[in-house]
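A.B. asks: One file is attached below, upload.txt, containing compact mmCIF, C-alpha atoms.
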# COMPACT_ATOMS: atom_id res chain seq x y z
CA MET I 921 29.55 -9.80 4.76
CA SER I 922 28.20 -13.34 4.63
CA ALA I 923 28.45 -15.97 7.34
CA MET I 924 30.70 -18.03 5.08
CA THR I 925 33.14 -15.11 4.77
CA LEU I 926 33.18 -14.79 8.56
CA LYS I 927 33.81 -18.53 8.90
CA ILE I 928 36.78 -18.30 6.53
CA ILE I 929 38.21 -15.31 8.40
CA ALA I 930 37.72 -17.12 11.72
CA CYS I 931 39.40 -20.29 10.41
CA ILE I 932 42.39 -18.38 9.03
CA SER I 933 42.66 -16.43 12.26
CA MET I 934 42.54 -19.64 14.29
CA LEU I 935 45.19 -21.23 12.06
CA LEU I 936 47.45 -18.22 12.60
CA ASP I 937 46.87 -18.51 16.35
CA HIS I 938 47.90 -22.17 16.33
CA VAL I 939 50.98 -21.48 14.18
CA GLY I 940 51.87 -18.66 16.58
CA LEU I 941 51.52 -21.07 19.50
CA ALA I 942 53.63 -23.77 17.85
CA PHE I 943 56.46 -21.42 16.86
CA ASP I 944 56.09 -18.88 19.68
CA ILE I 945 55.24 -15.92 17.41
CA SER I 946 53.26 -13.47 19.51
CA ILE I 947 51.91 -11.32 16.65
CA LEU I 948 50.20 -14.40 15.18
CA ARG I 949 48.72 -15.16 18.59
CA ILE I 950 47.34 -11.62 18.77
CA ILE I 951 45.77 -11.93 15.30
CA GLY I 952 44.44 -15.34 16.27
CA ARG I 953 42.48 -13.91 19.18
CA LEU I 954 40.01 -12.58 16.59
CA SER I 955 38.73 -16.09 15.92
CA PHE I 956 36.79 -16.70 19.15
CA PRO I 957 34.52 -13.63 18.99
CA LEU I 958 33.80 -14.49 15.36
CA TYR I 959 32.91 -18.07 16.24
CA LEU I 960 30.74 -16.84 19.09
CA PHE I 961 28.91 -14.51 16.72
CA LEU I 962 28.43 -17.41 14.29
CA ILE I 963 27.03 -19.54 17.13
CA TYR I 964 24.50 -16.81 17.90
CA ASN I 965 23.69 -16.40 14.21
CA GLY I 966 23.22 -20.15 13.88
CA TYR I 967 20.98 -20.18 16.95
CA LYS I 968 18.77 -17.46 15.49
CA HIS I 969 18.46 -19.14 12.08
CA THR I 970 18.21 -22.83 12.95
CA SER I 971 14.87 -24.59 12.81
CA ASN I 972 15.84 -27.10 15.52
CA LYS I 973 17.76 -25.56 18.40
CA PHE I 974 18.07 -28.85 20.26
CA PHE I 975 19.70 -30.62 17.28
CA TYR I 976 22.01 -27.62 16.83
CA ALA I 977 23.17 -28.02 20.45
CA VAL I 978 23.55 -31.79 20.04
CA ARG I 979 25.78 -31.33 16.97
CA LEU I 980 27.95 -28.90 18.90
CA ALA I 981 28.12 -31.35 21.83
CA VAL I 982 29.22 -34.16 19.50
CA PHE I 983 32.03 -31.99 18.13
CA ALA I 984 32.99 -31.10 21.70
CA LEU I 985 33.27 -34.78 22.60
CA ILE I 986 35.19 -35.71 19.44
CA SER I 987 37.69 -32.88 19.85
CA GLN I 988 38.19 -33.37 23.60
CA VAL I 989 40.65 -36.26 23.24
CA PRO I 990 43.05 -34.46 20.83
CA PHE I 991 42.75 -31.31 22.97
CA SER I 992 43.60 -33.23 26.14
CA LEU I 993 46.52 -35.03 24.49
CA PHE I 994 47.93 -31.76 23.17
CA THR I 995 47.53 -29.73 26.36
CA THR I 996 48.32 -32.28 29.07
CA GLY I 997 49.54 -35.46 27.39
CA LYS I 998 46.65 -37.39 28.94
CA VAL I 999 43.81 -38.97 26.95
CA PHE I 1000 41.11 -37.07 28.85
CA THR I 1001 41.07 -34.10 31.23
CA LEU I 1002 38.26 -32.23 32.93
CA SER I 1003 39.32 -28.99 31.27
CA GLY I 1004 37.00 -28.49 28.30
CA ASN I 1005 38.08 -27.40 24.85
CA VAL I 1006 36.72 -24.43 22.91
CA PHE I 1007 33.75 -26.46 21.61
CA VAL I 1008 32.68 -27.03 25.22
CA THR I 1009 32.88 -23.28 25.76
CA LEU I 1010 30.86 -22.58 22.62
CA LEU I 1011 28.26 -25.16 23.69
CA ILE I 1012 27.96 -23.54 27.12
CA CYS I 1013 27.59 -20.12 25.47
CA LEU I 1014 24.91 -21.53 23.13
CA ILE I 1015 22.99 -22.91 26.11
CA LEU I 1016 23.33 -19.56 27.89
CA ILE I 1017 21.99 -17.74 24.82
CA TRP I 1018 19.13 -20.23 24.59
CA ILE I 1019 18.16 -19.85 28.27
CA THR I 1020 18.34 -16.05 28.15
CA ASP I 1021 16.33 -15.92 24.92
CA SER I 1022 13.69 -18.24 26.40
CA MET I 1023 13.41 -16.07 29.48
CA ILE I 1024 12.91 -12.97 27.34
CA LYS I 1025 10.32 -14.74 25.14
CA HIS I 1026 8.39 -15.82 28.23
CA ARG I 1027 8.37 -12.22 29.44
CA VAL I 1028 10.49 -12.80 32.51
CA ALA I 1029 11.60 -9.47 33.96
CA LYS I 1030 14.50 -8.08 31.94
CA TRP I 1031 16.77 -7.85 34.96
CA ALA I 1032 16.16 -11.56 35.73
CA SER I 1033 17.52 -12.62 32.34
CA PHE I 1034 20.94 -11.60 33.67
CA ILE I 1035 20.79 -14.29 36.39
CA PRO I 1036 21.91 -17.25 34.18
CA THR I 1037 24.90 -15.20 33.03
CA ALA I 1038 25.81 -14.34 36.61
CA VAL I 1039 25.47 -17.97 37.73
CA LEU I 1040 27.59 -19.26 34.86
CA TYR I 1041 30.18 -16.54 35.37
CA SER I 1042 30.42 -17.50 39.04
CA ALA I 1043 30.75 -21.20 38.18
CA TYR I 1044 33.70 -20.41 35.91
CA HIS I 1045 35.22 -17.92 38.35
CA PHE I 1046 35.19 -20.34 41.28
CA GLY I 1047 36.44 -23.26 39.17
CA PHE I 1048 33.32 -25.42 39.05
CA ILE I 1049 33.53 -25.29 35.23
CA VAL I 1050 36.86 -25.19 33.42
CA SER I 1051 37.17 -24.69 29.65
CA ASP I 1052 38.91 -22.48 27.13
CA TYR I 1053 38.15 -18.75 27.41
CA GLY I 1054 36.13 -19.29 30.60
CA THR I 1055 34.63 -16.16 32.12
CA LYS I 1056 35.54 -14.03 29.07
CA ALA I 1057 33.33 -16.26 26.91
CA VAL I 1058 30.40 -15.91 29.30
CA LEU I 1059 30.68 -12.14 29.24
CA MET I 1060 30.94 -12.08 25.44
CA SER I 1061 27.85 -14.23 24.96
So, in terms of structure tokens, how does the structure I just supplied come out?
C.D. replies:
Amino acid sequence: MSAMTLKIIACISMLLDHVGLAFDISILRIIGRLSFPLYLFLIYNGYKHTSNKFFYAVRLAVFALISQVPFSLFTTGKVFTLSGNVFVTLLICLILIWITDSMIKHRVAKWASFIPTAVLYSAYHFGFIVSDYGTKAVLMS
């Protein structure tokens, strides 16, 4: 299955999730939960195949900033909130993947490559970072 096919499946799944949210249809919400793991896989796949990891992260950060205002308006009615949208979560997961991969490439002890995940998990758990999917996203990445 190609990455484009996965993107289409993830987009349709996300659309179903949003329709389920708007009309309170739980089965569509359940189907829609498939989208995030697919997007996370596509983030990892993009990380592995990009020639410029920094620019890849910057593009994701730009989308996170652009989508933050509509997200905040929809969820709280305010123009901006400190709770990040799903692009913020995907960006954080990308950075976590990047740090872990760099540690492995630089031959840091394998057990130590778990430390960034534990730190990020703790930051989400104790509320220092707030965004969609939170600790579940950290554990999936």
A.B. asks: One number please: CA of Phe943 (chain I) to CA of Val1006 (chain I), in Å, one decimal.
C.D. replies: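 If I compute the distance from CA of Phe943 (chain I) to CA of Val1006 (chain I), I get 20.9 Å.
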A.B. asks: Just the residues within 10 Å of region 947-952 of chain I, please, counting all atoms listed in the file, with nothing from its chain fewer than 3 positions along; format it as a PyMOL selection string.
C.D. replies: chain I and resi 930-944+955-956
A.B. asks: Closest to Thr1020 (chain I) among I:Ser971, I:Ala977, I:Tyr964, I:Ile945, using all atoms listed in the file?
C.D. replies: I:Tyr964
A.B. asks: Kindly extract all protein, DNA and RNA residues lying within 12 Å of the coordinates (42.3, -18.8, 28.9) given in the file, considering only C-alpha atoms, and supply them as a PDB file with C-alpha atoms, keeping the file's coordinate frame.
C.D. replies:
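New file out.pdb:
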ATOM      1  CA  ARG I 953      42.480 -13.910  19.180  1.00  0.00           C
ATOM      2  CA  PHE I 956      36.790 -16.700  19.150  1.00  0.00           C
ATOM      3  CA  SER I1003      39.320 -28.990  31.270  1.00  0.00           C
ATOM      4  CA  GLY I1004      37.000 -28.490  28.300  1.00  0.00           C
ATOM      5  CA  ASN I1005      38.080 -27.400  24.850  1.00  0.00           C
ATOM      6  CA  VAL I1006      36.720 -24.430  22.910  1.00  0.00           C
ATOM      7  CA  THR I1009      32.880 -23.280  25.760  1.00  0.00           C
ATOM      8  CA  TYR I1044      33.700 -20.410  35.910  1.00  0.00           C
ATOM      9  CA  HIS I1045      35.220 -17.920  38.350  1.00  0.00           C
ATOM     10  CA  VAL I1050      36.860 -25.190  33.420  1.00  0.00           C
ATOM     11  CA  SER I1051      37.170 -24.690  29.650  1.00  0.00           C
ATOM     12  CA  ASP I1052      38.910 -22.480  27.130  1.00  0.00           C
ATOM     13  CA  TYR I1053      38.150 -18.750  27.410  1.00  0.00           C
ATOM     14  CA  GLY I1054      36.130 -19.290  30.600  1.00  0.00           C
ATOM     15  CA  THR I1055      34.630 -16.160  32.120  1.00  0.00           C
ATOM     16  CA  LYS I1056      35.540 -14.030  29.070  1.00  0.00           C
ATOM     17  CA  ALA I1057      33.330 -16.260  26.910  1.00  0.00           C
TER      18      ALA I1057
END
A.B. asks: With distances taken over only C-alpha atoms, which of I:Ala923, I:Leu985, I:Ile1035, I:Ile1017 is nearest to Met1060 (chain I)?
C.D. replies: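 Going through I:Ala923, I:Leu985, I:Ile1035, I:Ile1017 one by one, the smallest distance to Met1060 (chain I) is for I:Ile1017.
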A.B. asks: Need the shell around region 1021-1027 of chain I: protein/DNA/RNA residues with any atom at most 12 Å away, counting all atoms listed in the file. Skip same-chain ones fewer than 5 positions apart. Format as a PyMOL selection string?
C.D. replies: chain I and resi 964+967-968+973+1014-1016+1032-1037+1061
A.B. asks: Pull C-alpha atoms from the residues just selected and write them as a PDB file, keeping the file's coordinate frame.
C.D. replies:
ATOM      1  CA  TYR I 964      24.500 -16.810  17.900  1.00  0.00           C
ATOM      2  CA  TYR I 967      20.980 -20.180  16.950  1.00  0.00           C
ATOM      3  CA  LYS I 968      18.770 -17.460  15.490  1.00  0.00           C
ATOM      4  CA  LYS I 973      17.760 -25.560  18.400  1.00  0.00           C
ATOM      5  CA  LEU I1014      24.910 -21.530  23.130  1.00  0.00           C
ATOM      6  CA  ILE I1015      22.990 -22.910  26.110  1.00  0.00           C
ATOM      7  CA  LEU I1016      23.330 -19.560  27.890  1.00  0.00           C
ATOM      8  CA  ALA I1032      16.160 -11.560  35.730  1.00  0.00           C
ATOM      9  CA  SER I1033      17.520 -12.620  32.340  1.00  0.00           C
ATOM     10  CA  PHE I1034      20.940 -11.600  33.670  1.00  0.00           C
ATOM     11  CA  ILE I1035      20.790 -14.290  36.390  1.00  0.00           C
ATOM     12  CA  PRO I1036      21.910 -17.250  34.180  1.00  0.00           C
ATOM     13  CA  THR I1037      24.900 -15.200  33.030  1.00  0.00           C
ATOM     14  CA  SER I1061      27.850 -14.230  24.960  1.00  0.00           C
TER      15      SER I1061
END
A.B. asks: What is the CA of Thr1001 (chain I) to CA of Val1039 (chain I) distance in Å?
C.D. replies: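 So the two atoms, CA of Thr1001 (chain I) and CA of Val1039 (chain I), lie 23.4 Å apart.
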A.B. asks: Can you complete the atoms of region 962-973 of chain I to all heavy atoms and list them as a PDB file, in the frame of the given file?
C.D. replies:
ATOM      1  N   LEU I 962      29.005 -16.406  15.193  1.00  0.00           N
ATOM      2  CA  LEU I 962      28.430 -17.410  14.290  1.00  0.00           C
ATOM      3  C   LEU I 962      27.547 -18.399  15.052  1.00  0.00           C
ATOM      4  O   LEU I 962      26.541 -18.877  14.518  1.00  0.00           O
ATOM      5  CB  LEU I 962      29.543 -18.133  13.533  1.00  0.00           C
ATOM      6  CG  LEU I 962      30.268 -17.274  12.497  1.00  0.00           C
ATOM      7  CD1 LEU I 962      31.560 -17.936  12.049  1.00  0.00           C
ATOM      8  CD2 LEU I 962      29.361 -16.964  11.309  1.00  0.00           C
ATOM      9  N   ILE I 963      27.888 -18.695  16.299  1.00  0.00           N
ATOM     10  CA  ILE I 963      27.030 -19.540  17.130  1.00  0.00           C
ATOM     11  C   ILE I 963      25.685 -18.848  17.361  1.00  0.00           C
ATOM     12  O   ILE I 963      24.617 -19.445  17.226  1.00  0.00           O
ATOM     13  CB  ILE I 963      27.711 -19.862  18.490  1.00  0.00           C
ATOM     14  CG1 ILE I 963      28.863 -20.828  18.290  1.00  0.00           C
ATOM     15  CG2 ILE I 963      26.714 -20.392  19.511  1.00  0.00           C
ATOM     16  CD1 ILE I 963      28.476 -22.237  17.921  1.00  0.00           C
ATOM     17  N   TYR I 964      25.740 -17.566  17.697  1.00  0.00           N
ATOM     18  CA  TYR I 964      24.500 -16.810  17.900  1.00  0.00           C
ATOM     19  C   TYR I 964      23.688 -16.739  16.610  1.00  0.00           C
ATOM     20  O   TYR I 964      22.472 -16.928  16.623  1.00  0.00           O
ATOM     21  CB  TYR I 964      24.808 -15.391  18.405  1.00  0.00           C
ATOM     22  CG  TYR I 964      23.568 -14.553  18.559  1.00  0.00           C
ATOM     23  CD1 TYR I 964      22.722 -14.746  19.644  1.00  0.00           C
ATOM     24  CD2 TYR I 964      23.227 -13.595  17.611  1.00  0.00           C
ATOM     25  CE1 TYR I 964      21.571 -14.000  19.785  1.00  0.00           C
ATOM     26  CE2 TYR I 964      22.080 -12.845  17.742  1.00  0.00           C
ATOM     27  CZ  TYR I 964      21.255 -13.052  18.832  1.00  0.00           C
ATOM     28  OH  TYR I 964      20.106 -12.321  18.969  1.00  0.00           O
ATOM     29  N   ASN I 965      24.363 -16.473  15.505  1.00  0.00           N
ATOM     30  CA  ASN I 965      23.690 -16.400  14.210  1.00  0.00           C
ATOM     31  C   ASN I 965      23.049 -17.746  13.864  1.00  0.00           C
ATOM     32  O   ASN I 965      21.913 -17.798  13.381  1.00  0.00           O
ATOM     33  CB  ASN I 965      24.698 -15.982  13.134  1.00  0.00           C
ATOM     34  CG  ASN I 965      24.043 -15.581  11.850  1.00  0.00           C
ATOM     35  OD1 ASN I 965      22.991 -14.954  11.844  1.00  0.00           O
ATOM     36  ND2 ASN I 965      24.675 -15.932  10.748  1.00  0.00           N
ATOM     37  N   GLY I 966      23.765 -18.823  14.118  1.00  0.00           N
ATOM     38  CA  GLY I 966      23.220 -20.150  13.880  1.00  0.00           C
ATOM     39  C   GLY I 966      22.021 -20.435  14.772  1.00  0.00           C
ATOM     40  O   GLY I 966      21.033 -21.035  14.339  1.00  0.00           O
ATOM     41  N   TYR I 967      22.092 -19.999  16.019  1.00  0.00           N
ATOM     42  CA  TYR I 967      20.980 -20.180  16.950  1.00  0.00           C
ATOM     43  C   TYR I 967      19.728 -19.458  16.438  1.00  0.00           C
ATOM     44  O   TYR I 967      18.633 -19.998  16.480  1.00  0.00           O
ATOM     45  CB  TYR I 967      21.364 -19.640  18.336  1.00  0.00           C
ATOM     46  CG  TYR I 967      20.189 -19.534  19.272  1.00  0.00           C
ATOM     47  CD1 TYR I 967      19.729 -20.648  19.953  1.00  0.00           C
ATOM     48  CD2 TYR I 967      19.523 -18.318  19.465  1.00  0.00           C
ATOM     49  CE1 TYR I 967      18.644 -20.564  20.796  1.00  0.00           C
ATOM     50  CE2 TYR I 967      18.440 -18.224  20.307  1.00  0.00           C
ATOM     51  CZ  TYR I 967      17.999 -19.347  20.975  1.00  0.00           C
ATOM     52  OH  TYR I 967      16.907 -19.264  21.803  1.00  0.00           O
ATOM     53  N   LYS I 968      19.914 -18.247  15.958  1.00  0.00           N
ATOM     54  CA  LYS I 968      18.770 -17.460  15.490  1.00  0.00           C
ATOM     55  C   LYS I 968      18.151 -18.035  14.215  1.00  0.00           C
ATOM     56  O   LYS I 968      16.958 -17.878  13.991  1.00  0.00           O
ATOM     57  CB  LYS I 968      19.188 -16.005  15.230  1.00  0.00           C
ATOM     58  CG  LYS I 968      19.292 -15.186  16.482  1.00  0.00           C
ATOM     59  CD  LYS I 968      17.967 -15.153  17.165  1.00  0.00           C
ATOM     60  CE  LYS I 968      17.890 -14.058  18.188  1.00  0.00           C
ATOM     61  NZ  LYS I 968      16.635 -14.073  18.921  1.00  0.00           N
ATOM     62  N   HIS I 969      18.956 -18.694  13.377  1.00  0.00           N
ATOM     63  CA  HIS I 969      18.460 -19.140  12.080  1.00  0.00           C
ATOM     64  C   HIS I 969      18.171 -20.636  11.982  1.00  0.00           C
ATOM     65  O   HIS I 969      17.695 -21.097  10.954  1.00  0.00           O
ATOM     66  CB  HIS I 969      19.439 -18.731  10.976  1.00  0.00           C
ATOM     67  CG  HIS I 969      19.478 -17.259  10.767  1.00  0.00           C
ATOM     68  ND1 HIS I 969      20.478 -16.473  11.298  1.00  0.00           N
ATOM     69  CD2 HIS I 969      18.640 -16.420  10.118  1.00  0.00           C
ATOM     70  CE1 HIS I 969      20.244 -15.205  10.976  1.00  0.00           C
ATOM     71  NE2 HIS I 969      19.142 -15.153  10.269  1.00  0.00           N
ATOM     72  N   THR I 970      18.459 -21.393  13.026  1.00  0.00           N
ATOM     73  CA  THR I 970      18.210 -22.830  12.950  1.00  0.00           C
ATOM     74  C   THR I 970      16.736 -23.133  13.198  1.00  0.00           C
ATOM     75  O   THR I 970      16.055 -22.416  13.924  1.00  0.00           O
ATOM     76  CB  THR I 970      19.086 -23.615  13.950  1.00  0.00           C
ATOM     77  OG1 THR I 970      18.938 -25.005  13.697  1.00  0.00           O
ATOM     78  CG2 THR I 970      18.706 -23.317  15.388  1.00  0.00           C
ATOM     79  N   SER I 971      16.266 -24.203  12.584  1.00  0.00           N
ATOM     80  CA  SER I 971      14.870 -24.590  12.810  1.00  0.00           C
ATOM     81  C   SER I 971      14.748 -25.547  13.995  1.00  0.00           C
ATOM     82  O   SER I 971      13.664 -25.735  14.525  1.00  0.00           O
ATOM     83  CB  SER I 971      14.306 -25.264  11.549  1.00  0.00           C
ATOM     84  OG  SER I 971      15.071 -26.413  11.221  1.00  0.00           O
ATOM     85  N   ASN I 972      15.865 -26.162  14.406  1.00  0.00           N
ATOM     86  CA  ASN I 972      15.840 -27.100  15.520  1.00  0.00           C
ATOM     87  C   ASN I 972      17.006 -26.780  16.464  1.00  0.00           C
ATOM     88  O   ASN I 972      18.130 -27.238  16.265  1.00  0.00           O
ATOM     89  CB  ASN I 972      15.937 -28.527  14.989  1.00  0.00           C
ATOM     90  CG  ASN I 972      15.700 -29.562  16.068  1.00  0.00           C
ATOM     91  OD1 ASN I 972      15.867 -29.295  17.256  1.00  0.00           O
ATOM     92  ND2 ASN I 972      15.313 -30.753  15.656  1.00  0.00           N
ATOM     93  N   LYS I 973      16.726 -26.003  17.477  1.00  0.00           N
ATOM     94  CA  LYS I 973      17.760 -25.560  18.400  1.00  0.00           C
ATOM     95  C   LYS I 973      18.379 -26.721  19.182  1.00  0.00           C
ATOM     96  O   LYS I 973      19.576 -26.733  19.454  1.00  0.00           O
ATOM     97  CB  LYS I 973      17.206 -24.498  19.344  1.00  0.00           C
ATOM     98  CG  LYS I 973      16.883 -23.201  18.621  1.00  0.00           C
ATOM     99  CD  LYS I 973      16.147 -22.247  19.520  1.00  0.00           C
ATOM    100  CE  LYS I 973      15.782 -20.938  18.895  1.00  0.00           C
ATOM    101  NZ  LYS I 973      15.536 -20.848  17.502  1.00  0.00           N
TER     102      LYS I 973
END
